[in-house]
Amino acid sequence: MTNLTVNLKEKIGFGALFLATMAVVVPVLCIIWLIVTRGWSAISWEFLFTMPRDGMRAGGIFPAIVGTFYLVLGSVAFSLPVGVMAAIYLNEYAKDNFLTRMINLAIINLSGVSSVVYGLFGLSLFVVFFRFGVSIISGSLTLGIMTLPVIITTTREALRAVPKPFREVSFSLGTTRWQTIRHAVLPFALPGILTGAILSIGRAAGETAPILFTVAAFYLPNLPNSPFDQAMALPYHLYIISTQIPNIRLDYRYGTALVLVGFVLIMNISAIVVRSKFRKKRW
Amino acid sequence: MSAIEIRGLNLYYGKFQALINVNMAVEAKRITALIGSSGCGKSTLLRCINRMNDLIEDVRTEGSVKVDGAEIYKVRPDFVKLRKKVGMVFQRPNPFPLSVYENVAFGPRIHHMARGSELDGIVEASLKDVLLWDDLKDKLKRSALGLSLEQRQRLCIARLIAVRSEVLLMDEPCSALDPMATLKIEELMQRLKKDYTIIIVTHNMQQAARVSEDTGFMLLGELVEFGRTEEIFTKPRDKRTEDYITGRFG
């Protein structure tokens with residue numbers, strides 16, 4: 001084979017890889033461009049901070065933003081501590097045995113369960129069985145359970161990335177297992193754990209199906225007052241104004257989508273920033 | 001009384017026996033070297049003295065190790081007390097990615113030994129003991145990762161001194177260092193031995209001859225010979241020791 005054909009093959013190979021990469025990037029850019037160009041004109045103080053009017057054809061989306069904010073807060077308040085504790089147990093305490101392998105398998109499967117199944121699960125467990133009703137608390141817990149696998153997986157990766165000598169040194173200084181985890185492992189895994197938490201916030205904010213039966217309201221005249229109230233939420237609101245309400249201005253739909261996507265995007269970018277900071281002071 | 005007394009020590013990794021009936025008495029405030037080719041069990045023996053082997057799964061130990069006359073292989077060992085007393089310096093200098101100050105303060109903080117100006121005092125005294133204070137007193141807040149390898153290893157020793165260790169176990173502490181840095185650490189060991197009992201594992205026979213008063217030669221899990229360093233190196237009693245130190249194998 002001559003040098004020429006080898007070079008040609010190399011070029012074709014790299015070209016294919018580059019195209020595959022573009023196939024990932026281009027749709028994302030298209031979506032963002034579409035939403036921004038069509039939705040930007042709707043964004044205003046009134047749109048972001050007032051209640052909807054005229055059967056949601058005018059006014060703002062404030063209650064949906066507030067609802068999503070509460071849901072995200074509630075889901076992280078549940079899934080972060082539980083997920084981090086589970087990850088610490090699995091990574092630092094659990095022995096590699098049949099039970100642990102089953103738990104790992106369950107976590108992998110949990111992240112593959114379709115989100116509408118989480119919705120039905122939340123309906124039967126939190127809404128009906130625990131009698132929380134259709135409420136913020138039911139929705140938050142459902143979203144929390146959905147995001148648990150993300151938090152567990154990223155936390156475990158973060159714990160694993162802490163070099164083994166840190167633990168050894170800490171033990172050799174006479175610390176207990178928990179003191180070692182607390183002082184020689186967790187501080188160095190924190191950026192990775194935060195990354196997972198932020199990613200899970202983005203995921204929780206964007207999901208529709210899990211909140212469909214557990215919390216989301218079609219329209220509420222007032223903001224929720226307690227965790228046991230129903231709430232509006234951005235993704236569900238977007239679904240409603242796109243399918244259920246005739247004669248609504250196009251930029252209202254895209255404006256809502258822009259707020260939602262913008263929020264998720266900001267979350268994901270801050271996750272990247274946290275992670276790159278973490279990389280810079282790598283040991 | 002010996003500082004460390006080992007009697008009939010056997011250690012198994014699963015089915016593999018890594019230490020075979022080791023008997024050894026280490027005297028206080030001297031430097032004891034353990035030499036032997038890699039895989040002979042010298043690091044394993046070292047890690048028996050602060051029970052670091054217990055971190056590995058499937059390890060089984062028989063026999064007796066006494067530190068200051070107290071048995072450490074009993075049913076309910078006090079790991080915290082033992083490891084505070086018997087500190088370890090590792091092969092690779094491994095400070096935490098924290099400031100110089102926080103590295104030294106790590107142990108005292110966890111053990112609630114001191115805080116505030118008292119903690120400052122411990123940090124200063126520990127850094128002085130390893131001759132780092134003059135170089136680093138203005139850089140206590142800088143990351144320890146910015147230090148040279150030699151300084152890092154000194155810092156790791158200071159970290160032990162800060163929890164008031166009495167025994168320093170050194171597991172090839174110079175193997176990552178260049179010859180000049182090695183010499184400096186060896187000088188430090190000479191300085192420290194008036195206050196500390198030091199056991200050093202080394203694959204470097206010249207180092208053992210230079211720094212230690214007593215030497216143990218290990219081969220395939222056995223402590224073949226243990227005695228005064230000059231005797232081991234000039235008139236070894238065992239043929240295998242002689243073969244090793246004259247370079248016939250290893």
# chains A, B, ... in the order shown; residues from 1 in each chain; ligands from 1

call {"tool": "interface_residues", "arguments": {"of": "chain B", "to": "chain A", "cutoff": "10 Å", "atoms": "only C-alpha atoms", "output": "CSV table (one decimal) with N, CA, C and O atoms, in the first residue's frame"}}
result
chain,number,residue,atom,x,y,z
B,47,ARG,N,3.8,-3.3,57.5
B,47,ARG,CA,2.4,-2.9,57.6
B,47,ARG,C,1.7,-3.7,58.7
B,47,ARG,O,0.6,-3.4,59.0
B,50,ASN,N,1.6,-1.4,62.1
B,50,ASN,CA,0.4,-0.5,62.4
B,50,ASN,C,-0.9,-1.1,61.8
B,50,ASN,O,-1.9,-0.4,61.7
B,51,ARG,N,-0.9,-2.3,61.5
B,51,ARG,CA,-2.0,-3.1,61.1
B,51,ARG,C,-2.7,-2.5,59.9
B,51,ARG,O,-3.9,-2.5,59.7
B,52,MET,N,-1.9,-2.0,58.9
B,52,MET,CA,-2.4,-1.5,57.7
B,52,MET,C,-2.9,-2.6,56.8
B,52,MET,O,-3.7,-2.4,55.9
B,55,LEU,N,-6.5,-3.5,56.0
B,55,LEU,CA,-7.4,-2.8,55.0
B,55,LEU,C,-7.6,-3.7,53.8
B,55,LEU,O,-8.5,-3.5,53.0
B,57,GLU,N,-8.6,-7.1,51.9
B,57,GLU,CA,-9.5,-8.2,52.2
B,57,GLU,C,-8.8,-9.5,52.2
B,57,GLU,O,-7.7,-9.6,51.5
B,78,ASP,N,-7.4,-1.3,69.3
B,78,ASP,CA,-7.7,0.1,69.2
B,78,ASP,C,-6.8,0.7,68.1
B,78,ASP,O,-5.7,1.2,68.3
B,79,PHE,N,-7.4,0.7,66.9
B,79,PHE,CA,-6.7,1.1,65.7
B,79,PHE,C,-6.3,2.6,65.8
B,79,PHE,O,-5.2,3.0,65.4
B,80,VAL,N,-7.2,3.4,66.4
B,80,VAL,CA,-6.9,4.8,66.5
B,80,VAL,C,-5.6,5.1,67.3
B,80,VAL,O,-4.7,5.7,66.9
B,81,LYS,N,-5.6,4.5,68.5
B,81,LYS,CA,-4.5,4.6,69.4
B,81,LYS,C,-3.2,4.1,68.7
B,81,LYS,O,-2.1,4.7,68.7
B,82,LEU,N,-3.3,2.9,68.1
B,82,LEU,CA,-2.1,2.2,67.6
B,82,LEU,C,-1.5,3.1,66.4
B,82,LEU,O,-0.4,3.4,66.4
B,83,ARG,N,-2.4,3.5,65.5
B,83,ARG,CA,-1.9,4.2,64.3
B,83,ARG,C,-1.5,5.7,64.6
B,83,ARG,O,-0.7,6.2,63.9
B,84,LYS,N,-2.0,6.2,65.7
B,84,LYS,CA,-1.4,7.5,66.1
B,84,LYS,C,0.0,7.3,66.6
B,84,LYS,O,0.9,8.1,66.4
B,85,LYS,N,0.2,6.2,67.3
B,85,LYS,CA,1.5,6.0,67.9
B,85,LYS,C,2.5,5.5,66.9
B,85,LYS,O,3.7,5.9,66.9
B,86,VAL,N,2.0,4.7,65.9
B,86,VAL,CA,2.9,4.1,64.9
B,86,VAL,C,2.5,4.7,63.6
B,86,VAL,O,1.5,4.3,62.9
B,87,GLY,N,3.2,5.7,63.1
B,87,GLY,CA,2.9,6.4,61.9
B,87,GLY,C,3.6,5.8,60.7
B,87,GLY,O,4.6,5.1,60.8
B,88,MET,N,3.1,6.1,59.5
B,88,MET,CA,3.7,5.5,58.3
B,88,MET,C,4.0,6.6,57.2
B,88,MET,O,3.2,7.5,57.0
B,89,VAL,N,5.2,6.4,56.7
B,89,VAL,CA,5.6,7.3,55.5
B,89,VAL,C,5.6,6.4,54.3
B,89,VAL,O,6.2,5.3,54.3
B,90,PHE,N,5.0,6.8,53.2
B,90,PHE,CA,4.8,5.9,52.1
B,90,PHE,C,5.8,6.2,51.0
B,90,PHE,O,6.6,7.2,51.1
B,92,ARG,N,5.5,6.9,47.7
B,92,ARG,CA,5.3,8.2,47.0
B,92,ARG,C,4.9,9.2,48.0
B,92,ARG,O,4.0,9.0,48.8
B,93,PRO,N,5.6,10.4,48.0
B,93,PRO,CA,5.2,11.5,48.8
B,93,PRO,C,3.8,11.8,48.5
B,93,PRO,O,3.5,12.1,47.4
B,94,ASN,N,2.9,11.8,49.5
B,94,ASN,CA,1.5,11.9,49.2
B,94,ASN,C,0.8,12.9,50.1
B,94,ASN,O,-0.2,12.5,50.8
B,95,PRO,N,1.2,14.1,50.0
B,95,PRO,CA,0.4,15.1,50.7
B,95,PRO,C,-1.0,15.2,50.1
B,95,PRO,O,-1.2,14.9,49.0
B,96,PHE,N,-2.0,15.7,51.0
B,96,PHE,CA,-3.3,16.0,50.4
B,96,PHE,C,-3.2,17.2,49.6
B,96,PHE,O,-2.4,18.1,49.8
B,97,PRO,N,-4.2,17.3,48.6
B,97,PRO,CA,-4.2,18.6,47.8
B,97,PRO,C,-4.7,19.7,48.6
B,97,PRO,O,-5.7,20.4,48.2
B,98,LEU,N,-4.1,20.0,49.7
B,98,LEU,CA,-4.5,21.1,50.6
B,98,LEU,C,-3.3,22.0,50.8
B,98,LEU,O,-2.2,21.7,50.3
B,106,PHE,N,-4.0,18.2,59.6
B,106,PHE,CA,-5.0,17.2,59.3
B,106,PHE,C,-5.3,16.2,60.5
B,106,PHE,O,-6.4,16.1,60.9
B,107,GLY,N,-4.2,15.6,61.0
B,107,GLY,CA,-4.4,14.6,62.1
B,107,GLY,C,-4.8,15.3,63.4
B,107,GLY,O,-5.8,14.9,64.0
B,108,PRO,N,-4.1,16.3,63.8
B,108,PRO,CA,-4.5,17.0,65.1
B,108,PRO,C,-6.0,17.5,65.1
B,108,PRO,O,-6.7,17.4,66.1
B,109,ARG,N,-6.4,17.9,63.9
B,109,ARG,CA,-7.8,18.4,63.8
B,109,ARG,C,-8.8,17.2,64.0
B,109,ARG,O,-9.7,17.3,64.8
B,110,ILE,N,-8.6,16.2,63.3
B,110,ILE,CA,-9.5,15.0,63.4
B,110,ILE,C,-9.5,14.5,64.8
B,110,ILE,O,-10.6,14.1,65.3
B,111,HIS,N,-8.3,14.4,65.4
B,111,HIS,CA,-8.3,13.8,66.7
B,111,HIS,C,-8.6,14.9,67.8
B,111,HIS,O,-8.4,14.6,69.0
B,143,SER,N,-0.6,25.6,48.3
B,143,SER,CA,-0.9,24.2,48.1
B,143,SER,C,0.4,23.3,48.3
B,143,SER,O,1.5,23.7,47.8
B,145,LEU,N,1.0,20.7,46.9
B,145,LEU,CA,1.3,20.1,45.6
B,145,LEU,C,2.4,21.0,44.8
B,145,LEU,O,2.9,20.5,43.9
B,156,CYS,N,5.1,15.0,54.7
B,156,CYS,CA,4.4,13.8,55.1
B,156,CYS,C,4.9,13.4,56.5
B,156,CYS,O,4.2,12.8,57.3
B,159,ARG,N,3.5,15.6,59.1
B,159,ARG,CA,2.1,15.2,59.3
B,159,ARG,C,2.0,14.2,60.4
B,159,ARG,O,1.0,14.1,61.2
B,160,LEU,N,3.0,13.3,60.5
B,160,LEU,CA,3.0,12.2,61.5
B,160,LEU,C,3.4,12.8,62.8
B,160,LEU,O,2.8,12.5,63.9
B,162,ALA,N,3.0,15.6,63.9
B,162,ALA,CA,1.9,16.4,64.4
B,162,ALA,C,0.9,15.6,65.3
B,162,ALA,O,0.2,16.2,66.2
B,163,VAL,N,0.7,14.3,65.0
B,163,VAL,CA,-0.1,13.5,65.9
B,163,VAL,C,0.6,12.8,67.0
B,163,VAL,O,0.2,11.9,67.6
B,165,SER,N,3.3,10.8,66.8
B,165,SER,CA,3.8,9.4,66.6
B,165,SER,C,5.0,9.2,67.4
B,165,SER,O,5.8,10.1,67.7

call {"tool": "residues_around", "arguments": {"residues": "stretch 20-31 of chain B", "least_positions_apart": "4", "cutoff": "6 Å", "atoms": "only C-alpha atoms", "output": "mmCIF file with N, CA, C and O atoms, in the first residue's frame"}}
result
data_model
loop_
_atom_site.group_PDB
_atom_site.id
_atom_site.type_symbol
_atom_site.label_atom_id
_atom_site.label_comp_id
_atom_site.auth_asym_id
_atom_site.auth_seq_id
_atom_site.Cartn_x
_atom_site.Cartn_y
_atom_site.Cartn_z
ATOM 1 N N SER B 2 12.004 -4.035 74.406
ATOM 2 C CA SER B 2 12.063 -3.576 73.017
ATOM 3 C C SER B 2 10.851 -2.708 72.707
ATOM 4 O O SER B 2 9.786 -2.896 73.273
ATOM 5 N N ALA B 3 11.038 -1.773 71.797
ATOM 6 C CA ALA B 3 9.925 -0.927 71.389
ATOM 7 C C ALA B 3 8.891 -1.750 70.638
ATOM 8 O O ALA B 3 7.689 -1.572 70.814
ATOM 9 N N ILE B 4 9.398 -2.636 69.811
ATOM 10 C CA ILE B 4 8.494 -3.491 69.044
ATOM 11 C C ILE B 4 9.007 -4.922 69.125
ATOM 12 O O ILE B 4 10.194 -5.187 68.887
ATOM 13 N N GLU B 5 8.119 -5.829 69.488
ATOM 14 C CA GLU B 5 8.535 -7.213 69.625
ATOM 15 C C GLU B 5 7.595 -8.098 68.816
ATOM 16 O O GLU B 5 6.388 -8.110 69.054
ATOM 17 N N ILE B 6 8.159 -8.791 67.862
ATOM 18 C CA ILE B 6 7.354 -9.640 66.983
ATOM 19 C C ILE B 6 7.704 -11.099 67.264
ATOM 20 O O ILE B 6 8.877 -11.468 67.277
ATOM 21 N N ARG B 7 6.667 -11.904 67.517
ATOM 22 C CA ARG B 7 6.894 -13.318 67.874
ATOM 23 C C ARG B 7 6.023 -14.226 67.009
ATOM 24 O O ARG B 7 4.802 -14.083 66.997
ATOM 25 N N GLY B 8 6.666 -15.139 66.312
ATOM 26 C CA GLY B 8 5.936 -16.178 65.567
ATOM 27 C C GLY B 8 4.888 -15.634 64.633
ATOM 28 O O GLY B 8 3.762 -16.126 64.560
ATOM 29 N N LEU B 9 5.234 -14.595 63.875
ATOM 30 C CA LEU B 9 4.247 -13.931 63.027
ATOM 31 C C LEU B 9 4.130 -14.628 61.672
ATOM 32 O O LEU B 9 5.112 -14.774 60.938
ATOM 33 N N ASN B 10 2.920 -15.081 61.379
ATOM 34 C CA ASN B 10 2.603 -15.634 60.058
ATOM 35 C C ASN B 10 1.514 -14.783 59.447
ATOM 36 O O ASN B 10 0.586 -14.376 60.142
ATOM 37 N N LYS B 193 16.031 10.322 64.918
ATOM 38 C CA LYS B 193 16.082 9.054 65.667
ATOM 39 C C LYS B 193 16.278 9.268 67.154
ATOM 40 O O LYS B 193 16.059 8.357 67.935
ATOM 41 N N LYS B 194 16.707 10.468 67.574
ATOM 42 C CA LYS B 194 16.824 10.682 69.013
ATOM 43 C C LYS B 194 15.452 10.710 69.688
ATOM 44 O O LYS B 194 15.337 10.462 70.872
ATOM 45 N N TYR B 196 12.535 9.297 67.898
ATOM 46 C CA TYR B 196 11.607 8.341 67.302
ATOM 47 C C TYR B 196 12.285 7.005 67.037
ATOM 48 O O TYR B 196 13.483 6.946 66.773
ATOM 49 N N THR B 197 11.473 5.955 67.104
ATOM 50 C CA THR B 197 11.927 4.653 66.668
ATOM 51 C C THR B 197 11.591 4.548 65.185
ATOM 52 O O THR B 197 10.442 4.736 64.801
ATOM 53 N N ILE B 198 12.587 4.303 64.359
ATOM 54 C CA ILE B 198 12.351 4.329 62.920
ATOM 55 C C ILE B 198 12.630 2.952 62.319
ATOM 56 O O ILE B 198 13.660 2.339 62.604
ATOM 57 N N ILE B 199 11.688 2.473 61.536
ATOM 58 C CA ILE B 199 11.918 1.249 60.769
ATOM 59 C C ILE B 199 11.778 1.604 59.306
ATOM 60 O O ILE B 199 10.766 2.176 58.885
ATOM 61 N N SER B 212 21.196 2.812 58.980
ATOM 62 C CA SER B 212 20.599 2.021 60.054
ATOM 63 C C SER B 212 21.606 1.500 61.059
ATOM 64 O O SER B 212 22.787 1.336 60.758
ATOM 65 N N GLU B 213 21.133 1.261 62.281
ATOM 66 C CA GLU B 213 21.933 0.596 63.305
ATOM 67 C C GLU B 213 21.721 -0.918 63.233
ATOM 68 O O GLU B 213 22.632 -1.687 63.461
ATOM 69 N N GLY B 221 9.495 -14.300 52.463
ATOM 70 C CA GLY B 221 8.605 -14.314 53.615
ATOM 71 C C GLY B 221 9.272 -14.645 54.930
ATOM 72 O O GLY B 221 8.641 -14.585 55.978
ATOM 73 N N GLU B 222 10.556 -15.000 54.880
ATOM 74 C CA GLU B 222 11.255 -15.312 56.127
ATOM 75 C C GLU B 222 12.210 -14.184 56.492
ATOM 76 O O GLU B 222 12.825 -13.575 55.612
ATOM 77 N N LEU B 223 12.320 -13.930 57.788
ATOM 78 C CA LEU B 223 13.370 -13.032 58.249
ATOM 79 C C LEU B 223 14.603 -13.909 58.451
ATOM 80 O O LEU B 223 14.730 -14.621 59.432
#

call {"tool": "residues_around", "arguments": {"residues": "A:Ile43", "least_positions_apart": "2", "cutoff": "9 Å", "atoms": "only C-alpha atoms", "output": "PyMOL selection string"}}
result
chain A and resi 39-41+45-48+251-252+255-256+258-259

call {"tool": "residues_around", "arguments": {"residues": "A:Ala205", "least_positions_apart": "5", "cutoff": "8 Å", "atoms": "only C-alpha atoms", "output": "number ranges by chain"}}
result
A: 68-69, 71-72, 234-235, 260, 264

call {"tool": "write_last_selection", "arguments": {"atoms": "C-alpha atoms", "output": "PDB file, in the first residue's frame"}}
result
ATOM      1  CA  THR A  68     -40.769  24.093  38.672  1.00  0.00           C
ATOM      2  CA  PHE A  69     -38.502  25.864  41.155  1.00  0.00           C
ATOM      3  CA  LEU A  71     -40.261  20.807  42.408  1.00  0.00           C
ATOM      4  CA  VAL A  72     -36.562  21.007  41.625  1.00  0.00           C
ATOM      5  CA  LEU A 234     -42.922  24.597  33.039  1.00  0.00           C
ATOM      6  CA  PRO A 235     -42.791  21.402  30.977  1.00  0.00           C
ATOM      7  CA  LEU A 260     -37.277  25.870  30.271  1.00  0.00           C
ATOM      8  CA  VAL A 264     -31.612  23.425  31.904  1.00  0.00           C
TER       9      VAL A 264
END

call {"tool": "select_by_dssp", "arguments": {"residues": "stretch 1-243 of chain B", "states": "alpha helix (DSSP H)", "output": "PyMOL selection string"}}
result
chain B and resi 42-49+79-85+100-110+116-129+133-136+149-161+179-192+205-211+229-234+239-243

call {"tool": "write_last_selection", "arguments": {"atoms": "C-alpha atoms", "output": "tab-separated table (two decimals), in the first residue's frame"}}
result
chain	number	residue	atom	x	y	z
B	42	LYS	CA	9.39	-6.58	53.94
B	43	SER	CA	6.60	-4.11	53.25
B	44	THR	CA	4.05	-6.62	54.50
B	45	LEU	CA	6.01	-7.01	57.72
B	46	LEU	CA	6.19	-3.23	58.09
B	47	ARG	CA	2.44	-2.92	57.60
B	48	CYS	CA	1.83	-5.48	60.35
B	49	ILE	CA	3.21	-3.05	62.89
B	79	PHE	CA	-6.65	1.11	65.69
B	80	VAL	CA	-6.89	4.80	66.45
B	81	LYS	CA	-4.46	4.65	69.36
B	82	LEU	CA	-2.13	2.25	67.56
B	83	ARG	CA	-1.90	4.23	64.34
B	84	LYS	CA	-1.44	7.53	66.12
B	85	LYS	CA	1.50	6.00	67.91
B	100	VAL	CA	0.90	23.10	53.73
B	101	TYR	CA	-0.78	24.11	56.99
B	102	GLU	CA	-3.86	21.96	56.44
B	103	ASN	CA	-1.71	18.93	55.66
B	104	VAL	CA	0.10	19.11	58.97
B	105	ALA	CA	-3.08	20.05	60.85
B	106	PHE	CA	-5.04	17.16	59.30
B	107	GLY	CA	-4.36	14.64	62.09
B	108	PRO	CA	-4.54	16.99	65.10
B	109	ARG	CA	-7.82	18.41	63.80
B	110	ILE	CA	-9.48	15.02	63.35
B	116	GLY	CA	-6.51	27.99	67.14
B	117	SER	CA	-3.09	29.18	68.25
B	118	GLU	CA	-2.39	25.84	69.89
B	119	LEU	CA	-2.82	24.16	66.51
B	120	ASP	CA	-0.57	26.79	64.95
B	121	GLY	CA	2.02	25.79	67.53
B	122	ILE	CA	1.78	22.10	66.63
B	123	VAL	CA	2.12	22.90	62.92
B	124	GLU	CA	5.13	25.11	63.55
B	125	ALA	CA	6.86	22.59	65.81
B	126	SER	CA	6.21	19.73	63.38
B	127	LEU	CA	7.55	21.69	60.42
B	128	LYS	CA	10.59	22.71	62.46
B	129	ASP	CA	11.27	19.08	63.30
B	133	TRP	CA	9.74	25.77	58.75
B	134	ASP	CA	12.35	28.25	57.52
B	135	ASP	CA	11.49	27.55	53.89
B	136	LEU	CA	7.74	27.45	54.26
B	149	LEU	CA	9.19	15.81	46.01
B	150	GLU	CA	11.69	16.04	48.84
B	151	GLN	CA	9.72	18.80	50.57
B	152	ARG	CA	6.55	16.78	50.12
B	153	GLN	CA	8.11	13.77	51.80
B	154	ARG	CA	9.28	15.97	54.67
B	155	LEU	CA	5.77	17.36	54.91
B	156	CYS	CA	4.39	13.83	55.14
B	157	ILE	CA	6.76	13.16	58.03
B	158	ALA	CA	5.66	16.43	59.69
B	159	ARG	CA	2.08	15.24	59.32
B	160	LEU	CA	2.98	12.23	61.50
B	161	ILE	CA	4.94	14.23	64.02
B	179	PRO	CA	20.13	11.02	45.07
B	180	MET	CA	20.55	14.50	46.60
B	181	ALA	CA	17.01	14.51	47.99
B	182	THR	CA	17.58	10.97	49.25
B	183	LEU	CA	20.63	12.12	51.15
B	184	LYS	CA	18.69	14.98	52.69
B	185	ILE	CA	15.93	12.66	53.88
B	186	GLU	CA	18.55	10.31	55.32
B	187	GLU	CA	20.05	13.22	57.25
B	188	LEU	CA	16.60	14.01	58.55
B	189	MET	CA	16.20	10.42	59.72
B	190	GLN	CA	19.45	10.67	61.66
B	191	ARG	CA	18.12	13.82	63.27
B	192	LEU	CA	14.78	12.26	64.14
B	205	MET	CA	21.41	-1.86	50.38
B	206	GLN	CA	23.72	1.14	50.47
B	207	GLN	CA	20.95	3.12	52.08
B	208	ALA	CA	20.45	0.46	54.74
B	209	ALA	CA	24.19	0.43	55.40
B	210	ARG	CA	24.31	4.23	55.58
B	211	VAL	CA	21.39	4.98	57.84
B	229	THR	CA	24.00	-3.49	60.53
B	230	GLU	CA	27.79	-3.68	60.38
B	231	GLU	CA	27.68	-7.35	61.27
B	232	ILE	CA	25.08	-8.13	58.63
B	233	PHE	CA	27.15	-6.36	56.01
B	234	THR	CA	30.61	-7.52	57.08
B	239	LYS	CA	24.83	-18.01	53.44
B	240	ARG	CA	21.71	-16.48	51.83
B	241	THR	CA	22.37	-13.08	53.45
B	242	GLU	CA	25.92	-13.18	52.19
B	243	ASP	CA	24.76	-14.04	48.67

call {"tool": "closest_residue", "arguments": {"among": "B:Ile245, B:Leu220, B:Ala176, B:Met1", "to": "B:Ala18", "atoms": "only C-alpha atoms"}}
result
B:Leu220

call {"tool": "select_by_dssp", "arguments": {"residues": "stretch 2-109 of chain B", "states": "strand (DSSP E)", "output": "number ranges by chain"}}
result
B: 4-13, 16-26, 31-35, 59-67, 70-71, 86-89

call {"tool": "decode", "arguments": {"residues": "stretch 64-81 of chain B", "atoms": "N, CA and C atoms", "output": "CSV table (one decimal), in the first residue's frame"}}
result
chain,number,residue,atom,x,y,z
B,64,SER,N,2.2,-12.8,67.3
B,64,SER,CA,2.1,-11.7,68.3
B,64,SER,C,3.0,-10.5,67.9
B,65,VAL,N,2.4,-9.3,67.9
B,65,VAL,CA,3.2,-8.1,67.7
B,65,VAL,C,3.0,-7.2,68.9
B,66,LYS,N,4.0,-6.8,69.6
B,66,LYS,CA,3.8,-5.9,70.8
B,66,LYS,C,4.5,-4.6,70.5
B,67,VAL,N,3.8,-3.5,70.7
B,67,VAL,CA,4.3,-2.2,70.6
B,67,VAL,C,4.3,-1.6,72.0
B,68,ASP,N,5.5,-1.3,72.5
B,68,ASP,CA,5.7,-0.8,73.9
B,68,ASP,C,5.1,-1.8,74.9
B,69,GLY,N,5.2,-3.1,74.6
B,69,GLY,CA,4.8,-4.1,75.5
B,69,GLY,C,3.3,-4.5,75.4
B,70,ALA,N,2.6,-3.7,74.6
B,70,ALA,CA,1.1,-4.0,74.4
B,70,ALA,C,0.8,-4.8,73.2
B,71,GLU,N,0.1,-5.9,73.3
B,71,GLU,CA,-0.2,-6.7,72.2
B,71,GLU,C,-1.2,-5.9,71.2
B,72,ILE,N,-0.8,-5.9,69.9
B,72,ILE,CA,-1.7,-5.2,69.0
B,72,ILE,C,-2.6,-6.2,68.2
B,73,TYR,N,-2.2,-7.5,68.2
B,73,TYR,CA,-3.1,-8.5,67.6
B,73,TYR,C,-4.0,-9.2,68.6
B,74,LYS,N,-4.9,-8.3,69.2
B,74,LYS,CA,-5.8,-8.9,70.1
B,74,LYS,C,-7.2,-8.8,69.5
B,75,VAL,N,-8.2,-9.2,70.3
B,75,VAL,CA,-9.5,-9.3,69.7
B,75,VAL,C,-10.1,-8.0,69.3
B,76,ARG,N,-10.0,-7.0,70.2
B,76,ARG,CA,-10.6,-5.7,69.9
B,76,ARG,C,-9.4,-4.7,69.9
B,77,PRO,N,-8.8,-4.6,68.8
B,77,PRO,CA,-7.6,-3.6,68.8
B,77,PRO,C,-8.1,-2.2,68.7
B,78,ASP,N,-7.4,-1.3,69.3
B,78,ASP,CA,-7.7,0.1,69.2
B,78,ASP,C,-6.8,0.7,68.1
B,79,PHE,N,-7.4,0.7,66.9
B,79,PHE,CA,-6.7,1.1,65.7
B,79,PHE,C,-6.3,2.6,65.8
B,80,VAL,N,-7.2,3.4,66.4
B,80,VAL,CA,-6.9,4.8,66.5
B,80,VAL,C,-5.6,5.1,67.3
B,81,LYS,N,-5.6,4.5,68.5
B,81,LYS,CA,-4.5,4.6,69.4
B,81,LYS,C,-3.2,4.1,68.7
